[in-house]
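Text of query-v6.txt (compact mmCIF, C-alpha atoms) as supplied:
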```txt
# COMPACT_ATOMS: atom_id res chain seq x y z
CA MET B 1 177.05 -102.76 -3.25
CA ASN B 2 178.68 -106.11 -2.68
CA GLU B 3 181.54 -106.59 -5.16
CA GLN B 4 180.52 -110.13 -6.09
CA HIS B 5 177.11 -108.85 -7.21
CA SER B 6 178.50 -106.00 -9.29
CA ALA B 7 180.66 -108.27 -11.47
CA PRO B 8 179.09 -109.62 -14.67
CA GLN B 9 177.84 -113.21 -14.48
CA PRO B 10 178.06 -114.58 -18.06
CA LYS B 11 176.16 -117.85 -17.52
CA LYS B 12 173.33 -116.17 -15.67
CA GLU B 13 173.19 -113.43 -18.31
CA ARG B 14 173.03 -115.93 -21.16
CA LEU B 15 170.24 -117.86 -19.45
CA ILE B 16 168.15 -114.74 -18.91
CA PHE B 17 168.76 -113.61 -22.48
CA LEU B 18 167.64 -116.97 -23.89
CA LEU B 19 164.58 -117.16 -21.63
CA ILE B 20 163.35 -113.78 -22.83
CA ALA B 21 164.55 -113.71 -26.45
CA TYR B 22 163.50 -117.29 -27.24
CA GLY B 23 161.40 -118.51 -24.34
CA LEU B 24 159.02 -115.56 -24.41
CA THR B 25 158.88 -115.68 -28.21
CA PHE B 26 157.70 -119.29 -28.32
CA LEU B 27 155.44 -118.84 -25.30
CA MET B 28 153.70 -115.96 -27.08
CA GLY B 29 153.45 -118.21 -30.12
CA LEU B 30 150.55 -119.94 -28.34
CA PRO B 31 148.24 -116.88 -28.20
CA LEU B 32 149.40 -116.03 -31.73
CA ALA B 33 148.27 -119.46 -32.95
CA ILE B 34 144.95 -119.08 -31.12
CA ALA B 35 144.38 -115.64 -32.64
CA GLN B 36 145.30 -116.84 -36.14
CA ARG B 37 143.05 -119.90 -35.93
CA GLY B 38 140.24 -117.76 -34.54
CA GLY B 39 140.49 -115.27 -37.39
CA TYR B 40 141.48 -112.39 -35.10
CA ASN B 41 143.81 -109.56 -36.07
CA THR B 42 147.37 -110.77 -35.39
CA ASP B 43 149.31 -107.69 -36.55
CA VAL B 44 150.25 -106.83 -32.96
CA PHE B 45 152.41 -109.93 -32.52
CA PRO B 46 155.35 -109.26 -34.92
CA ASN B 47 156.06 -105.80 -33.49
CA ALA B 48 156.02 -107.13 -29.94
CA GLN B 49 158.31 -110.05 -30.83
CA MET B 50 160.93 -107.70 -32.23
CA TYR B 51 161.33 -106.17 -28.75
CA TYR B 52 162.18 -109.43 -26.96
CA PRO B 53 165.90 -109.88 -27.87
CA ALA B 54 166.94 -106.46 -26.51
CA ALA B 55 164.66 -106.96 -23.51
CA GLY B 56 166.58 -110.16 -22.81
CA VAL B 57 169.91 -108.33 -22.92
CA MET B 58 168.67 -105.53 -20.69
CA LEU B 59 167.16 -107.82 -18.07
CA ALA B 60 170.33 -109.92 -18.08
CA TYR B 61 172.52 -106.86 -17.52
CA LEU B 62 170.24 -105.42 -14.83
CA ALA B 63 170.03 -108.77 -13.02
CA ALA B 64 173.83 -109.04 -13.05
CA ARG B 65 174.02 -105.49 -11.63
CA ARG B 66 176.44 -104.33 -14.25
CA PRO B 67 177.86 -100.91 -13.45
CA SER B 68 177.38 -97.80 -15.58
CA LEU B 69 174.20 -98.95 -17.33
CA PRO B 70 171.78 -96.46 -18.94
CA ARG B 71 169.15 -97.67 -16.49
CA ARG B 72 166.44 -95.13 -17.28
CA PHE B 73 166.55 -96.05 -20.96
CA PHE B 74 166.59 -99.77 -20.15
CA VAL B 75 163.64 -99.53 -17.75
CA PHE B 76 161.64 -97.44 -20.21
CA TYR B 77 162.31 -99.98 -22.98
CA LEU B 78 161.24 -102.87 -20.74
CA PHE B 79 158.05 -101.00 -19.86
CA ASN B 80 157.28 -100.68 -23.58
CA THR B 81 157.94 -104.39 -24.07
CA ALA B 82 155.55 -105.29 -21.26
CA ALA B 83 152.88 -103.02 -22.75
CA LEU B 84 153.21 -104.77 -26.11
CA VAL B 85 152.93 -108.20 -24.50
CA ALA B 86 149.73 -106.99 -22.82
CA SER B 87 148.41 -105.84 -26.21
CA CYS B 88 149.09 -109.28 -27.70
CA LEU B 89 147.20 -110.98 -24.89
CA GLY B 90 144.38 -108.46 -25.24
CA ALA B 91 144.10 -109.26 -28.95
CA VAL B 92 143.23 -112.84 -27.96
CA LEU B 93 141.14 -112.26 -24.82
CA ALA B 94 139.13 -109.35 -26.22
CA PRO B 95 139.61 -109.31 -30.02
CA GLY B 96 139.32 -105.96 -31.76
CA ASP B 97 141.20 -103.36 -33.77
CA VAL B 98 141.86 -101.33 -30.62
CA TRP B 99 144.92 -103.49 -29.88
CA LEU B 100 146.60 -102.67 -33.19
CA ALA B 101 145.96 -98.98 -32.57
CA ALA B 102 147.42 -99.35 -29.08
CA THR B 103 150.47 -101.14 -30.46
CA ASN B 104 151.11 -98.42 -33.03
CA LEU B 105 150.83 -95.80 -30.30
CA ILE B 106 153.24 -97.69 -28.05
CA VAL B 107 155.80 -98.02 -30.87
CA VAL B 108 155.59 -94.40 -32.10
CA ALA B 109 155.24 -92.64 -28.75
CA GLY B 110 157.70 -95.06 -27.19
CA SER B 111 160.30 -94.45 -29.91
CA ALA B 112 159.96 -90.68 -29.58
CA LEU B 113 160.33 -90.78 -25.80
CA ALA B 114 163.10 -93.38 -25.97
CA TRP B 115 165.32 -90.87 -27.77
CA VAL B 116 164.85 -88.51 -24.82
CA PHE B 117 165.71 -91.18 -22.27
CA LEU B 118 168.68 -92.39 -24.32
CA LEU B 119 170.21 -89.04 -25.21
CA THR B 120 169.89 -87.68 -21.67
CA GLU B 121 171.92 -90.60 -20.30
CA ARG B 122 175.56 -89.81 -19.63
CA LYS B 123 177.91 -90.50 -22.53
CA GLU B 124 179.95 -93.02 -20.59
CA LYS B 125 176.81 -95.01 -19.76
CA ARG B 126 175.75 -95.08 -23.40
CA ALA B 127 179.26 -96.10 -24.39
CA ALA B 128 179.36 -98.87 -21.76
CA ALA B 129 176.15 -100.31 -23.20
CA GLY B 130 177.36 -100.01 -26.81
CA LEU B 131 174.79 -97.34 -27.62
CA ARG B 132 176.91 -94.44 -28.87
CA TRP B 133 177.10 -93.51 -32.53
CA HIS B 134 180.59 -93.42 -33.97
CA GLY B 135 182.18 -93.60 -37.37
CA GLY B 136 180.70 -90.30 -38.47
CA VAL B 137 178.95 -89.95 -41.81
CA LYS B 138 181.10 -92.76 -43.26
CA ALA B 139 179.07 -95.25 -41.26
CA LEU B 140 176.03 -94.27 -43.32
CA GLY B 141 177.84 -95.54 -46.40
CA PHE B 142 177.07 -99.10 -45.29
CA VAL B 143 173.38 -98.22 -45.22
CA ALA B 144 173.55 -96.71 -48.71
CA LEU B 145 175.36 -99.79 -50.02
CA PHE B 146 172.74 -102.07 -48.54
CA ILE B 147 169.87 -100.10 -50.10
CA LEU B 148 171.53 -100.37 -53.52
CA LEU B 149 172.15 -104.11 -53.18
CA ARG B 150 168.70 -104.82 -51.77
CA THR B 151 167.08 -102.89 -54.62
CA ALA B 152 169.20 -104.71 -57.20
CA ALA B 153 168.09 -108.03 -55.69
CA VAL B 154 164.44 -107.06 -56.05
CA PHE B 155 164.89 -106.11 -59.71
CA LEU B 156 166.77 -109.34 -60.48
CA SER B 157 164.09 -111.36 -58.70
CA MET B 158 161.51 -110.09 -61.18
CA LEU B 159 163.28 -111.65 -64.17
CA PRO B 160 162.26 -115.32 -63.63
CA TYR B 161 158.61 -114.26 -63.32
CA GLY B 162 158.63 -112.11 -66.47
CA GLN B 163 157.56 -109.07 -64.46
CA LEU B 164 160.54 -106.77 -64.99
CA GLY B 165 158.76 -104.57 -67.54
CA GLU B 166 155.76 -104.10 -65.29
CA TYR B 167 158.04 -103.34 -62.37
CA LEU B 168 160.05 -100.77 -64.33
CA ALA B 169 156.75 -99.05 -65.19
CA TYR B 170 155.98 -98.81 -61.48
CA TRP B 171 159.37 -97.20 -60.88
CA SER B 172 158.66 -94.63 -63.59
CA THR B 173 156.01 -93.13 -61.29
CA PRO B 174 156.76 -90.83 -58.29
CA ALA B 175 155.26 -93.31 -55.80
CA PRO B 176 158.35 -95.38 -54.82
CA TYR B 177 160.58 -92.30 -54.51
CA LEU B 178 158.13 -90.36 -52.35
CA THR B 179 157.61 -93.42 -50.16
CA PHE B 180 161.36 -93.82 -49.76
CA LEU B 181 161.74 -90.22 -48.56
CA LEU B 182 159.14 -90.87 -45.87
CA LEU B 183 161.21 -93.76 -44.50
CA ILE B 184 163.83 -91.37 -43.13
CA PRO B 185 161.62 -89.55 -40.57
CA ASN B 186 159.78 -92.82 -40.03
CA PHE B 187 162.96 -94.35 -38.59
CA PHE B 188 163.08 -91.85 -35.74
CA LEU B 189 159.42 -92.52 -34.88
CA SER B 190 159.61 -96.31 -35.04
CA PHE B 191 163.21 -97.36 -34.34
CA LEU B 192 162.55 -99.38 -31.18
CA PRO B 193 161.43 -102.66 -32.87
CA PHE B 194 164.54 -102.71 -35.09
CA PHE B 195 166.76 -101.76 -32.18
CA GLY B 196 165.04 -104.54 -30.26
CA GLU B 197 166.32 -107.20 -32.62
CA GLU B 198 169.75 -105.79 -33.40
CA TYR B 199 170.75 -105.11 -29.80
CA GLY B 200 170.04 -108.76 -29.12
CA TRP B 201 171.40 -110.34 -32.30
CA ARG B 202 174.33 -108.23 -33.45
CA TYR B 203 175.45 -106.56 -30.22
CA TYR B 204 174.96 -109.43 -27.78
CA LEU B 205 174.74 -112.78 -29.57
CA GLN B 206 176.97 -112.37 -32.63
CA PRO B 207 180.30 -111.91 -30.81
CA ARG B 208 179.52 -114.82 -28.50
CA LEU B 209 178.74 -117.16 -31.38
CA GLN B 210 181.86 -115.95 -33.20
CA GLN B 211 184.00 -116.81 -30.21
CA ARG B 212 182.58 -120.33 -30.30
CA PHE B 213 182.33 -121.00 -34.05
CA GLY B 214 184.81 -118.53 -35.52
CA PRO B 215 184.14 -115.23 -37.32
CA ARG B 216 182.41 -116.70 -40.37
CA GLY B 217 180.83 -119.68 -38.62
CA GLY B 218 179.48 -117.35 -35.95
CA VAL B 219 177.51 -115.15 -38.34
CA LEU B 220 176.19 -118.21 -40.20
CA ALA B 221 175.14 -119.78 -36.90
CA LEU B 222 173.46 -116.54 -35.93
CA GLY B 223 171.56 -116.59 -39.22
CA LEU B 224 170.19 -120.04 -38.40
CA VAL B 225 169.16 -119.29 -34.82
CA TRP B 226 167.70 -115.97 -35.96
CA ALA B 227 165.62 -117.84 -38.54
CA ALA B 228 164.45 -120.34 -35.91
CA TRP B 229 163.31 -117.42 -33.75
CA HIS B 230 160.83 -116.53 -36.53
CA LEU B 231 159.10 -119.94 -36.48
CA PRO B 232 155.87 -118.82 -34.75
CA LEU B 233 155.51 -115.99 -37.26
CA ASN B 234 156.23 -118.24 -40.24
CA PHE B 235 153.50 -120.72 -39.33
CA PHE B 236 150.90 -118.43 -37.77
CA TYR B 237 151.41 -115.02 -39.39
CA TYR B 238 153.51 -114.74 -42.55
CA ALA B 239 152.23 -117.79 -44.42
CA PRO B 240 149.98 -120.10 -42.37
CA GLU B 241 149.06 -122.18 -45.43
CA THR B 242 152.68 -122.61 -46.59
CA GLY B 243 154.52 -122.45 -43.27
CA LEU B 244 157.29 -124.86 -44.24
CA GLN B 245 158.13 -122.92 -47.38
CA SER B 246 157.95 -119.68 -45.40
CA PHE B 247 160.47 -121.04 -42.90
CA ALA B 248 162.80 -122.18 -45.68
CA SER B 249 162.61 -118.66 -47.13
CA GLN B 250 163.26 -117.27 -43.65
CA ILE B 251 166.46 -119.29 -43.35
CA ILE B 252 167.77 -117.82 -46.59
CA THR B 253 166.79 -114.29 -45.57
CA CYS B 254 168.29 -114.51 -42.10
CA VAL B 255 171.54 -116.14 -43.20
CA VAL B 256 172.29 -113.65 -45.99
CA MET B 257 171.25 -110.69 -43.83
CA ALA B 258 173.28 -112.03 -40.92
CA VAL B 259 176.31 -112.01 -43.22
CA PHE B 260 175.82 -108.44 -44.42
CA PHE B 261 174.60 -107.00 -41.11
CA GLY B 262 177.39 -108.84 -39.29
CA TRP B 263 179.98 -107.55 -41.78
CA ALA B 264 178.73 -103.97 -41.38
CA TYR B 265 178.75 -104.25 -37.59
CA MET B 266 182.26 -105.67 -37.48
CA LYS B 267 183.50 -102.94 -39.82
CA THR B 268 181.95 -100.11 -37.80
CA GLN B 269 181.50 -101.50 -34.26
CA ASN B 270 178.43 -99.24 -34.29
CA ILE B 271 175.18 -101.01 -33.37
CA TRP B 272 173.14 -98.22 -34.94
CA VAL B 273 174.36 -99.25 -38.40
CA PRO B 274 172.63 -102.69 -38.30
CA VAL B 275 169.62 -101.03 -36.65
CA LEU B 276 169.35 -98.77 -39.70
CA LEU B 277 169.97 -101.71 -42.03
CA HIS B 278 167.20 -103.72 -40.38
CA CYS B 279 164.83 -100.77 -40.51
CA PHE B 280 165.40 -100.22 -44.22
CA ASN B 281 165.28 -103.94 -45.00
CA ASN B 282 161.79 -104.19 -43.51
CA SER B 283 160.48 -100.77 -44.52
CA LEU B 284 161.64 -100.96 -48.14
CA ILE B 285 158.92 -103.55 -48.71
CA LEU B 286 156.53 -100.62 -48.80
CA VAL B 287 158.68 -98.95 -51.47
CA TYR B 288 159.08 -102.07 -53.60
CA SER B 289 155.49 -103.30 -53.49
CA GLY B 290 153.41 -100.30 -52.47
CA THR B 291 152.01 -102.20 -49.50
CA ALA B 292 153.20 -103.07 -46.01
CA VAL B 293 151.07 -106.22 -45.76
CA VAL B 294 153.29 -109.26 -45.10
CA SER B 295 150.75 -111.63 -43.51
CA ASN B 296 148.90 -114.57 -45.06
CA GLN B 297 151.30 -114.91 -47.97
CA THR B 298 151.70 -117.94 -50.21
CA VAL B 299 155.33 -118.99 -50.63
CA THR B 300 156.29 -121.53 -53.30
CA TRP B 301 159.44 -123.64 -53.67
CA PHE B 302 160.16 -121.76 -56.91
CA ASP B 303 160.12 -118.49 -54.93
CA ILE B 304 162.67 -120.02 -52.57
CA LEU B 305 164.93 -121.12 -55.42
CA VAL B 306 164.90 -117.62 -56.94
CA GLN B 307 165.59 -116.08 -53.54
CA LEU B 308 168.45 -118.48 -52.85
CA ILE B 309 170.19 -117.72 -56.13
CA VAL B 310 169.67 -113.95 -56.23
CA TYR B 311 170.29 -113.10 -52.58
CA GLY B 312 173.04 -115.68 -52.22
CA VAL B 313 174.96 -114.25 -55.19
CA ILE B 314 174.59 -110.66 -53.95
CA PHE B 315 175.22 -110.99 -50.21
CA LEU B 316 177.18 -114.17 -49.46
CA PRO B 317 180.41 -112.90 -51.13
CA PHE B 318 180.81 -110.54 -48.16
CA LEU B 319 181.95 -113.62 -46.21
CA ALA B 320 185.25 -113.28 -48.10
CA SER B 321 185.91 -109.92 -46.45
CA GLY B 322 189.10 -109.66 -44.44
CA VAL B 323 187.13 -108.47 -41.42
CA PHE B 324 186.04 -112.07 -40.86
CA ARG B 325 189.62 -113.05 -40.09
CA LYS B 326 189.21 -111.63 -36.59
CA VAL B 327 186.64 -112.27 -33.92
CA CYS B 328 184.45 -109.46 -32.65
CA PRO B 329 185.25 -109.51 -28.91
CA ALA B 330 182.45 -110.46 -26.55
CA GLU B 331 182.15 -108.80 -23.20
CA LYS B 332 183.49 -110.63 -20.21
```
Structure re-expressed in C-alpha cells:
Amino acid sequence: MNEQHSAPQPKKERLIFLLIAYGLTFLMGLPLAIAQRGGYNTDVFPNAQMYYPAAGVMLAYLAARRPSLPRRFFVFYLFNTAALVASCLGAVLAPGDVWLAATNLIVVAGSALAWVFLLTERKEKRAAAGLRWHGGVKALGFVALFILLRTAAVFLSMLPYGQLGEYLAYWSTPAPYLTFLLLIPNFFLSFLPFFGEEYGWRYYLQPRLQQRFGPRGGVLALGLVWAAWHLPLNFFYYAPETGLQSFASQIITCVVMAVFFGWAYMKTQNIWVPVLLHCFNNSLILVYSGTAVVSNQTVTWFDILVQLIVYGVIFLPFLASGVFRKVCPAEK
C-alpha cells in the first residue's frame, strides 16, 4: 500500500462525514416529506437517520485507508445503513406496513450480529477505532446519574401542568418499573441506532469542534448542529403542525444533552457511555409515558418554556465541571 494513501486525510474525511451525516439526512428529508404529506407510515425514517453519522465516520475512515480499522464491523454496519435507506425509499414508492417490519428486523437482527462482528475483531483494531469499553463498572455510574436526573426532570415538568398527582399515581403501579427492566436487554438488541449517532457526534465531531471553539464552546456548538440535523424530523415527523416549536424544543434538548453526554464522554473517554445515555434517553419515554409514539405531536411555546427552565437548571451546571478546562484531543 502506498504510504501517502495510508495516512489519514483530515479534510477529505471531514467532507465525507458531512456529506453522509448531513447531506444524506437532508436528501432523505424529501421522501420523508412526501410520505408525511401522503399520509404514509413514516416510522422507518427516524431509525434510518440515526445510522447516518456513524456511517459518515466509517466511510471517511475507509476512504482514507486508515490502518488497523475493524473493517468487518464497519462494512456490516454500512450494509445495515444501506438496507434502512432502501426501506425508507420503499415506504414512499410502495407504501405499506411491511417496511416498518423490515426496519425493525434490520435493527434487531443487525444489532445482534453486529456484536459478533465487533467482538471478534482484534482488540487493537477496536481500540484504534475507539470502540473498546474501559473504565470498568464505574463508567456505568454516569448512566445511573443520568437516569436519576432525567427522571427528576420529568417529575418537575409535571408541576406547571398540575399533573404531578396523576403522575405519582402512575408510578405507584408496577408498569413503569417492569418497563424499565426490559430496557436493559433491549439495549443489546437495538444498540446500533444509538451507536450510529454517538459515534458520529461524540467520538468524531465533538473533539473537532472543541479544538475550534474551546471545550465548553465545542459542546454547545455540537448541540446546535445536532439540533439542526433533526430539522427534517421536526417538520415532517415529530410535529408537522407545530414544526417551529418542535425545532425550538429540539435545540434545548440537544444543547443540554450535548453538555451532559459530552461531560460523560470527556470524563470516561469511553464512547459506549454516551451510547448508553442516548439509548436510555430515548427509551425512557416508554417508561415515563407508557407509549413509544413520538410522531405527530403538538408542541406549544409554554412547553418550551417549561423545558428550558427545568432541563437548563438540571443539566447546564455540568458546564462548570473542571473537565471542560481541557480539550478532548481529536485524531490527526
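Restricting the calculation to all atoms listed in the file, the smallest distance between Val92 (chain B) and any of B:Tyr40, B:Phe280, B:Phe235, B:Tyr167 is found for B:Tyr40.
Comparing the minimum interatomic distances between Trp201 (chain B) and each of B:Ala320, B:Leu178, B:Val293, B:Cys254, counting all atoms listed in the file, we find that B:Cys254 sits nearest.
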Within 9 Å of (178.8, -107.1, -40.4) in the file's own coordinates, which protein, DNA or RNA residues have an atom, counting only C-alpha atoms? List them as a ChimeraX atom specification. /B:202,219,258-269,274,318,323-324
One residue among B:Val85, B:Leu205, B:Leu224, B:Leu148 is nearest to Ile106 (chain B) when using all atoms listed in the file, and that residue is B:Val85
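Going from CA of Phe26 (chain B) over to CA of Ile252 (chain B), you cover 20.9 Å.
Each of B:Cys279, B:Gly312, B:Arg212, B:Gly23 was compared to Phe187 (chain B) using only C-alpha atoms, and B:Cys279 turns out to be the nearest.
Across the model, the gap from CA of Trp115 (chain B) to CA of Phe73 (chain B) is 8.6 Å.
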